[in-house]
Amino acid sequence: MANTKALVKRRKSVVNTRKITKTMEKVATARLAKAQAAAIAARPYAKKLQQVIGDLASASSDIRHPLLETHDPVKKAVVIVLTSDRGLCGGFNANIIRAARDLNADLEKRGLQIERVVQGKKGINAFRYLNFPIAKTYVGVSDRPTYARAEEIADSLIDRYGKKEIDEAYIVYSSFISMTTQRPKAEKILPLSSLKGDEGGAKKDAASAPAAAKSTGAGYLFHPDPKTILSEVLPLVVKMSVFTAMLENTAGEHAARRLAMKNATDAAEDMIRMLTRQYNRARQSKITQEIAEIVGWAEAL
Amino acid sequence: MADVHSASGKQIHLTVITPARTVFNEDAAGLVVPAFDGELGVLPGHAALMALLGAGELRITRADGSKKRLAVRGGFLQVSANVVTVLTPESVAAEDIDAAKLDKELEALRADQSTDLKARDLRDEKLKWAVTRRHILEAGKGAGRN
């Protein structure tokens, strides 16, 4: 039967697919471990930053800083969208892009001019398809986020915010919740929200750092005065929120890919099992038929 | 110096944190940090303090007298009840500075003839940090172990 031949061929191809997806799963797992370690290593810094700002805020009576001031009227917003360069990671990029579109619609409703900065090939392609103009792109950097890059992006935002060239800034990325869950998130990074509560940056650490709220700035010597220190420290919050977003996004990408590849491997296994069964059945029925034919012939003689 | 350090008998716990990792997390007998306007010494029992740092060398003396030197790229110092925290965007131990790589970096930065004001600022910033590390490297070589 020609059928068995086709089955053998198909089974072989699925076995190959499984090999590929399994390897990709392993690679993603290894990368995820690294990305997760990087995200965890960034936590002490973010936490301390929160605490220091809490201390500074309670020490200085009137806090005024260009980064804290909301602009009026709000005319132009910068939206930074972080996606991955490579696909095969389930709905990871699609979810981020959906979040970016939602934000986009919101901002447009408010009549804002939007400037988009996109990291990752997948996001760039999607935005081109949607006919969204892109001001700046970054490619090939999502794998290993560096603080230097976060600084570069944040510095230009801070600079332009100070000059009132831009009035708001957002970052859209996928927050890493667990190995199996990533949630797309649109976070406002400028202007910074009020000092007392949640800082604009590193929100996920704010929950674990109630210290920021209860620490008192009393008793500290300041060198120089708290206001000057604060004005140096606040930009760090913006940089850090960009950096944490990058770290989480990378971790999320690998987690999403790991899961997608695991599902693909499982599906391939199911299919192999089914094809093997079909092949065996076909082979068996062929043999049975042959025996029947031989018996038939023998009887006829 | 040694008797000054042992005077109060207590130690300082010092952590040096960068966004990428925790660089140093140990007890120390004393340290000298590069504040924004000059060096600043911190010994056990120091008053609570917050200070801005400049790019420079952070020198740590451990209780056994051994020393450690770190390059820090500005940032922030917090002293509170013998706990000292240094937040800095970048830090590297003196012995981990790669001379060859650093020289290449310096060369590239010095060759950079950007005319754009912003690009120049960025270059100057990088250059300052590279020069700081270079100095720290040199200081370590010249002084041997003192």
# chains A, B, ... in the order shown; residues from 1 in each chain; ligands from 1
call {"tool": "interface_residues", "arguments": {"of": "chain A", "to": "chain B", "cutoff": "9 Å", "atoms": "only C-alpha atoms", "output": "PyMOL selection string"}}
result
chain A and resi 38-46+48-49+52+56+146-148+219-226+228-229+232-233+236+240+243-244
call {"tool": "select_by_dssp", "arguments": {"residues": "stretch 55-205 of chain A", "states": "strand (DSSP E)", "output": "number ranges by chain"}}
result
A: 76-82, 113-119, 136-138, 168-176, 182-190
call {"tool": "write_last_selection", "arguments": {"atoms": "N, CA and C atoms", "output": "short mmCIF file (atom, residue, chain, number, x, y, z; two decimals), in the first residue's frame"}}
result
data_model
loop_
_atom_site.label_atom_id
_atom_site.label_comp_id
_atom_site.auth_asym_id
_atom_site.auth_seq_id
_atom_site.Cartn_x
_atom_site.Cartn_y
_atom_site.Cartn_z
N LYS A 76 2.51 66.13 23.24
CA LYS A 76 3.27 65.08 22.59
C LYS A 76 3.67 64.00 23.59
N ALA A 77 3.48 62.75 23.16
CA ALA A 77 3.85 61.63 24.02
C ALA A 77 4.83 60.73 23.30
N VAL A 78 5.76 60.17 24.05
CA VAL A 78 6.68 59.18 23.49
C VAL A 78 6.24 57.82 24.00
N VAL A 79 6.14 56.88 23.08
CA VAL A 79 5.78 55.52 23.48
C VAL A 79 6.92 54.58 23.08
N ILE A 80 7.48 53.94 24.08
CA ILE A 80 8.54 52.97 23.80
C ILE A 80 7.92 51.59 23.84
N VAL A 81 8.11 50.83 22.79
CA VAL A 81 7.52 49.49 22.75
C VAL A 81 8.65 48.47 22.67
N LEU A 82 8.65 47.56 23.61
CA LEU A 82 9.67 46.52 23.62
C LEU A 82 9.07 45.21 23.10
N GLN A 113 0.05 64.01 19.92
CA GLN A 113 0.97 63.61 18.88
C GLN A 113 1.83 62.49 19.48
N ILE A 114 2.01 61.40 18.74
CA ILE A 114 2.70 60.25 19.32
C ILE A 114 4.00 59.96 18.58
N GLU A 115 5.03 59.82 19.37
CA GLU A 115 6.31 59.43 18.79
C GLU A 115 6.62 58.03 19.28
N ARG A 116 6.91 57.12 18.35
CA ARG A 116 7.09 55.72 18.76
C ARG A 116 8.54 55.28 18.61
N VAL A 117 9.01 54.65 19.65
CA VAL A 117 10.33 54.04 19.63
C VAL A 117 10.12 52.55 19.81
N VAL A 118 10.62 51.77 18.86
CA VAL A 118 10.33 50.34 18.91
C VAL A 118 11.61 49.54 19.00
N GLN A 119 11.62 48.61 19.93
CA GLN A 119 12.75 47.69 20.03
C GLN A 119 12.28 46.30 19.61
N LYS A 136 12.16 55.78 15.96
CA LYS A 136 13.46 55.19 16.19
C LYS A 136 13.31 53.69 16.43
N THR A 137 14.25 52.93 15.93
CA THR A 137 14.16 51.49 16.15
C THR A 137 15.46 50.96 16.73
N TYR A 138 15.32 49.90 17.48
CA TYR A 138 16.47 49.18 17.99
C TYR A 138 16.29 47.72 17.61
N GLU A 168 4.76 63.50 27.84
CA GLU A 168 4.50 62.26 28.55
C GLU A 168 5.35 61.17 27.91
N ALA A 169 5.66 60.16 28.69
CA ALA A 169 6.40 59.03 28.11
C ALA A 169 5.85 57.73 28.69
N TYR A 170 5.72 56.75 27.80
CA TYR A 170 5.21 55.44 28.22
C TYR A 170 6.16 54.36 27.74
N ILE A 171 6.11 53.25 28.44
CA ILE A 171 6.85 52.10 27.95
C ILE A 171 5.90 50.91 27.94
N VAL A 172 5.85 50.22 26.80
CA VAL A 172 4.97 49.06 26.68
C VAL A 172 5.85 47.83 26.60
N TYR A 173 5.63 46.90 27.50
CA TYR A 173 6.45 45.69 27.51
C TYR A 173 5.66 44.58 28.17
N SER A 174 6.27 43.43 28.27
CA SER A 174 5.58 42.31 28.87
C SER A 174 6.18 42.07 30.24
N SER A 175 5.35 42.19 31.26
CA SER A 175 5.90 41.99 32.60
C SER A 175 5.95 40.50 32.89
N PHE A 176 6.97 40.12 33.57
CA PHE A 176 7.21 38.70 33.85
C PHE A 176 6.55 38.37 35.17
N GLN A 182 2.92 35.91 31.38
CA GLN A 182 3.50 37.22 31.15
C GLN A 182 2.34 38.13 30.81
N ARG A 183 2.36 39.31 31.40
CA ARG A 183 1.25 40.20 31.11
C ARG A 183 1.76 41.45 30.43
N PRO A 184 1.19 41.79 29.27
CA PRO A 184 1.62 43.03 28.62
C PRO A 184 1.21 44.21 29.49
N LYS A 185 2.05 45.22 29.49
CA LYS A 185 1.85 46.31 30.41
C LYS A 185 2.23 47.61 29.72
N ALA A 186 1.42 48.63 29.91
CA ALA A 186 1.78 49.96 29.43
C ALA A 186 2.00 50.81 30.66
N GLU A 187 3.22 51.24 30.83
CA GLU A 187 3.57 51.95 32.05
C GLU A 187 3.94 53.38 31.71
N LYS A 188 3.45 54.29 32.54
CA LYS A 188 3.80 55.70 32.33
C LYS A 188 5.12 55.95 33.06
N ILE A 189 6.12 56.41 32.35
CA ILE A 189 7.38 56.67 33.03
C ILE A 189 7.67 58.15 33.23
N LEU A 190 7.01 58.99 32.47
CA LEU A 190 7.14 60.43 32.67
C LEU A 190 5.79 61.09 32.46
#
call {"tool": "select_by_dssp", "arguments": {"residues": "stretch 51-91 of chain A", "states": "helix (DSSP H, G or I)", "output": "list in words"}}
result
Gln51, Val52, Ile53, Gly54, Asp55, Leu56, Ala57, Ser58 and Ala59 of chain A
call {"tool": "write_last_selection", "arguments": {"atoms": "C-alpha atoms", "output": "mmCIF file, in the first residue's frame"}}
result
data_model
loop_
_atom_site.group_PDB
_atom_site.id
_atom_site.type_symbol
_atom_site.label_atom_id
_atom_site.label_comp_id
_atom_site.auth_asym_id
_atom_site.auth_seq_id
_atom_site.Cartn_x
_atom_site.Cartn_y
_atom_site.Cartn_z
ATOM 1 C CA GLN A 51 14.023 53.832 49.909
ATOM 2 C CA VAL A 52 16.482 56.633 49.315
ATOM 3 C CA ILE A 53 13.881 58.668 47.500
ATOM 4 C CA GLY A 54 11.465 58.113 50.349
ATOM 5 C CA ASP A 55 14.096 59.408 52.754
ATOM 6 C CA LEU A 56 14.905 62.384 50.600
ATOM 7 C CA ALA A 57 11.290 63.249 50.029
ATOM 8 C CA SER A 58 10.509 63.301 53.718
ATOM 9 C CA ALA A 59 13.593 65.395 54.412
#
call {"tool": "atom_distance", "arguments": {"atom1": "atom CA of B:Arg133", "atom2": "atom CA of B:Ile97"}}
result
7.4 Å
call {"tool": "residues_around", "arguments": {"residues": "B:Gly65", "least_positions_apart": "2", "cutoff": "9 Å", "atoms": "only C-alpha atoms", "output": "mmCIF file with N, CA and C atoms, in the first residue's frame"}}
result
data_model
loop_
_atom_site.group_PDB
_atom_site.id
_atom_site.type_symbol
_atom_site.label_atom_id
_atom_site.label_comp_id
_atom_site.auth_asym_id
_atom_site.auth_seq_id
_atom_site.Cartn_x
_atom_site.Cartn_y
_atom_site.Cartn_z
ATOM 1 N N ALA B 2 45.551 52.463 61.077
ATOM 2 C CA ALA B 2 45.034 51.197 61.604
ATOM 3 C C ALA B 2 44.389 51.393 62.972
ATOM 4 N N ALA B 29 36.279 47.863 57.785
ATOM 5 C CA ALA B 29 36.703 48.655 58.943
ATOM 6 C C ALA B 29 36.611 50.139 58.624
ATOM 7 N N THR B 61 38.919 49.374 53.479
ATOM 8 C CA THR B 61 39.871 48.679 54.342
ATOM 9 C C THR B 61 39.090 47.675 55.179
ATOM 10 N N ARG B 62 39.486 46.424 55.097
ATOM 11 C CA ARG B 62 38.793 45.405 55.883
ATOM 12 C C ARG B 62 39.392 45.348 57.283
ATOM 13 N N ALA B 63 38.731 44.639 58.163
ATOM 14 C CA ALA B 63 39.174 44.564 59.555
ATOM 15 C C ALA B 63 40.586 43.983 59.657
ATOM 16 N N LYS B 67 43.009 45.519 51.731
ATOM 17 C CA LYS B 67 42.299 46.616 51.072
ATOM 18 C C LYS B 67 41.650 46.152 49.787
#
call {"tool": "closest_atom_pairs", "arguments": {"of": "stretch 117-156 of chain A", "to": "stretch 100-110 of chain A", "cutoff": "12 Å", "atoms": "only C-alpha atoms", "output": "CSV"}}
result
residue,atom,partner,partner_atom,distance
A:Val117,CA,A:Ala100,CA,11.3
A:Val118,CA,A:Ala100,CA,10.5
A:Gly123,CA,A:Ala100,CA,9.7
A:Ala126,CA,A:Arg101,CA,10.5
A:Phe127,CA,A:Arg101,CA,9.4
A:Leu130,CA,A:Arg101,CA,9.5
A:Asn131,CA,A:Arg101,CA,11.7
A:Phe132,CA,A:Asn104,CA,9.7
A:Pro133,CA,A:Asn104,CA,11.9
call {"tool": "residues_around", "arguments": {"residues": "B:Ala71", "least_positions_apart": "2", "cutoff": "6 Å", "atoms": "only C-alpha atoms", "output": "compact mmCIF listing (two decimals) with N, CA and C atoms, in the first residue's frame"}}
result
# COMPACT_ATOMS: atom_id res chain seq x y z
N GLY B 56 35.13 58.04 40.51
CA GLY B 56 36.40 57.97 41.20
C GLY B 56 36.63 56.62 41.84
N GLU B 57 37.53 56.65 42.83
CA GLU B 57 37.97 55.41 43.44
C GLU B 57 37.34 55.24 44.82
N SER B 91 30.25 49.92 38.35
CA SER B 91 31.37 49.80 39.26
C SER B 91 32.19 48.57 38.88
N VAL B 92 33.48 48.69 39.06
CA VAL B 92 34.34 47.55 38.74
C VAL B 92 35.50 47.53 39.74
call {"tool": "closest_residue", "arguments": {"among": "B:Asp112, B:Asp96, B:Glu39, B:Asp27", "to": "B:Gly140", "atoms": "only C-alpha atoms"}}
result
B:Asp96
call {"tool": "closest_residue", "arguments": {"among": "A:Asn280, A:Thr83, A:Asn263, A:Asn95", "to": "A:Asn249", "atoms": "only C-alpha atoms"}}
result
A:Thr83
call {"tool": "residues_around", "arguments": {"residues": "B:Leu58", "least_positions_apart": "2", "cutoff": "9 Å", "atoms": "only C-alpha atoms", "output": "PyMOL selection string"}}
result
chain B and resi 31-34+39+56+60+68-72
call {"tool": "decode", "arguments": {"residues": "stretch 45-64 of chain B", "atoms": "N, CA and C atoms", "output": "PDB file, in the first residue's frame"}}
result
ATOM      1  N   GLY B  45      30.547  54.186  63.204  1.00  0.00           N
ATOM      2  CA  GLY B  45      29.976  55.204  64.067  1.00  0.00           C
ATOM      3  C   GLY B  45      29.731  56.525  63.373  1.00  0.00           C
ATOM      4  N   HIS B  46      29.888  56.553  62.089  1.00  0.00           N
ATOM      5  CA  HIS B  46      29.664  57.775  61.319  1.00  0.00           C
ATOM      6  C   HIS B  46      28.201  58.194  61.420  1.00  0.00           C
ATOM      7  N   ALA B  47      27.977  59.494  61.439  1.00  0.00           N
ATOM      8  CA  ALA B  47      26.605  59.996  61.488  1.00  0.00           C
ATOM      9  C   ALA B  47      25.873  59.607  60.215  1.00  0.00           C
ATOM     10  N   ALA B  48      24.557  59.510  60.325  1.00  0.00           N
ATOM     11  CA  ALA B  48      23.733  59.205  59.155  1.00  0.00           C
ATOM     12  C   ALA B  48      23.980  60.261  58.089  1.00  0.00           C
ATOM     13  N   LEU B  49      24.203  59.801  56.888  1.00  0.00           N
ATOM     14  CA  LEU B  49      24.619  60.726  55.840  1.00  0.00           C
ATOM     15  C   LEU B  49      24.111  60.266  54.486  1.00  0.00           C
ATOM     16  N   MET B  50      23.744  61.228  53.684  1.00  0.00           N
ATOM     17  CA  MET B  50      23.476  60.942  52.281  1.00  0.00           C
ATOM     18  C   MET B  50      24.336  61.881  51.469  1.00  0.00           C
ATOM     19  N   ALA B  51      25.020  61.343  50.500  1.00  0.00           N
ATOM     20  CA  ALA B  51      25.907  62.187  49.713  1.00  0.00           C
ATOM     21  C   ALA B  51      25.912  61.749  48.263  1.00  0.00           C
ATOM     22  N   LEU B  52      26.122  62.724  47.404  1.00  0.00           N
ATOM     23  CA  LEU B  52      26.284  62.413  45.993  1.00  0.00           C
ATOM     24  C   LEU B  52      27.731  62.047  45.736  1.00  0.00           C
ATOM     25  N   LEU B  53      27.942  61.129  44.818  1.00  0.00           N
ATOM     26  CA  LEU B  53      29.303  60.722  44.489  1.00  0.00           C
ATOM     27  C   LEU B  53      29.679  61.208  43.099  1.00  0.00           C
ATOM     28  N   GLY B  54      30.987  61.298  42.901  1.00  0.00           N
ATOM     29  CA  GLY B  54      31.486  61.573  41.572  1.00  0.00           C
ATOM     30  C   GLY B  54      32.164  60.323  41.055  1.00  0.00           C
ATOM     31  N   ALA B  55      32.642  60.361  39.825  1.00  0.00           N
ATOM     32  CA  ALA B  55      33.387  59.218  39.322  1.00  0.00           C
ATOM     33  C   ALA B  55      34.733  59.186  40.032  1.00  0.00           C
ATOM     34  N   GLY B  56      35.127  58.043  40.507  1.00  0.00           N
ATOM     35  CA  GLY B  56      36.402  57.972  41.204  1.00  0.00           C
ATOM     36  C   GLY B  56      36.633  56.619  41.837  1.00  0.00           C
ATOM     37  N   GLU B  57      37.527  56.649  42.827  1.00  0.00           N
ATOM     38  CA  GLU B  57      37.965  55.405  43.437  1.00  0.00           C
ATOM     39  C   GLU B  57      37.342  55.245  44.818  1.00  0.00           C
ATOM     40  N   LEU B  58      36.798  54.082  45.053  1.00  0.00           N
ATOM     41  CA  LEU B  58      36.253  53.761  46.367  1.00  0.00           C
ATOM     42  C   LEU B  58      37.234  52.809  47.035  1.00  0.00           C
ATOM     43  N   ARG B  59      37.828  53.248  48.143  1.00  0.00           N
ATOM     44  CA  ARG B  59      38.829  52.410  48.822  1.00  0.00           C
ATOM     45  C   ARG B  59      38.233  51.831  50.090  1.00  0.00           C
ATOM     46  N   ILE B  60      38.380  50.534  50.213  1.00  0.00           N
ATOM     47  CA  ILE B  60      37.804  49.850  51.359  1.00  0.00           C
ATOM     48  C   ILE B  60      38.926  49.212  52.163  1.00  0.00           C
ATOM     49  N   THR B  61      38.919  49.374  53.479  1.00  0.00           N
ATOM     50  CA  THR B  61      39.871  48.679  54.342  1.00  0.00           C
ATOM     51  C   THR B  61      39.090  47.675  55.179  1.00  0.00           C
ATOM     52  N   ARG B  62      39.486  46.424  55.097  1.00  0.00           N
ATOM     53  CA  ARG B  62      38.793  45.405  55.883  1.00  0.00           C
ATOM     54  C   ARG B  62      39.392  45.348  57.283  1.00  0.00           C
ATOM     55  N   ALA B  63      38.731  44.639  58.163  1.00  0.00           N
ATOM     56  CA  ALA B  63      39.174  44.564  59.555  1.00  0.00           C
ATOM     57  C   ALA B  63      40.586  43.983  59.657  1.00  0.00           C
ATOM     58  N   ASP B  64      40.932  43.061  58.779  1.00  0.00           N
ATOM     59  CA  ASP B  64      42.262  42.449  58.840  1.00  0.00           C
ATOM     60  C   ASP B  64      43.315  43.305  58.150  1.00  0.00           C
TER      61      ASP B  64
END
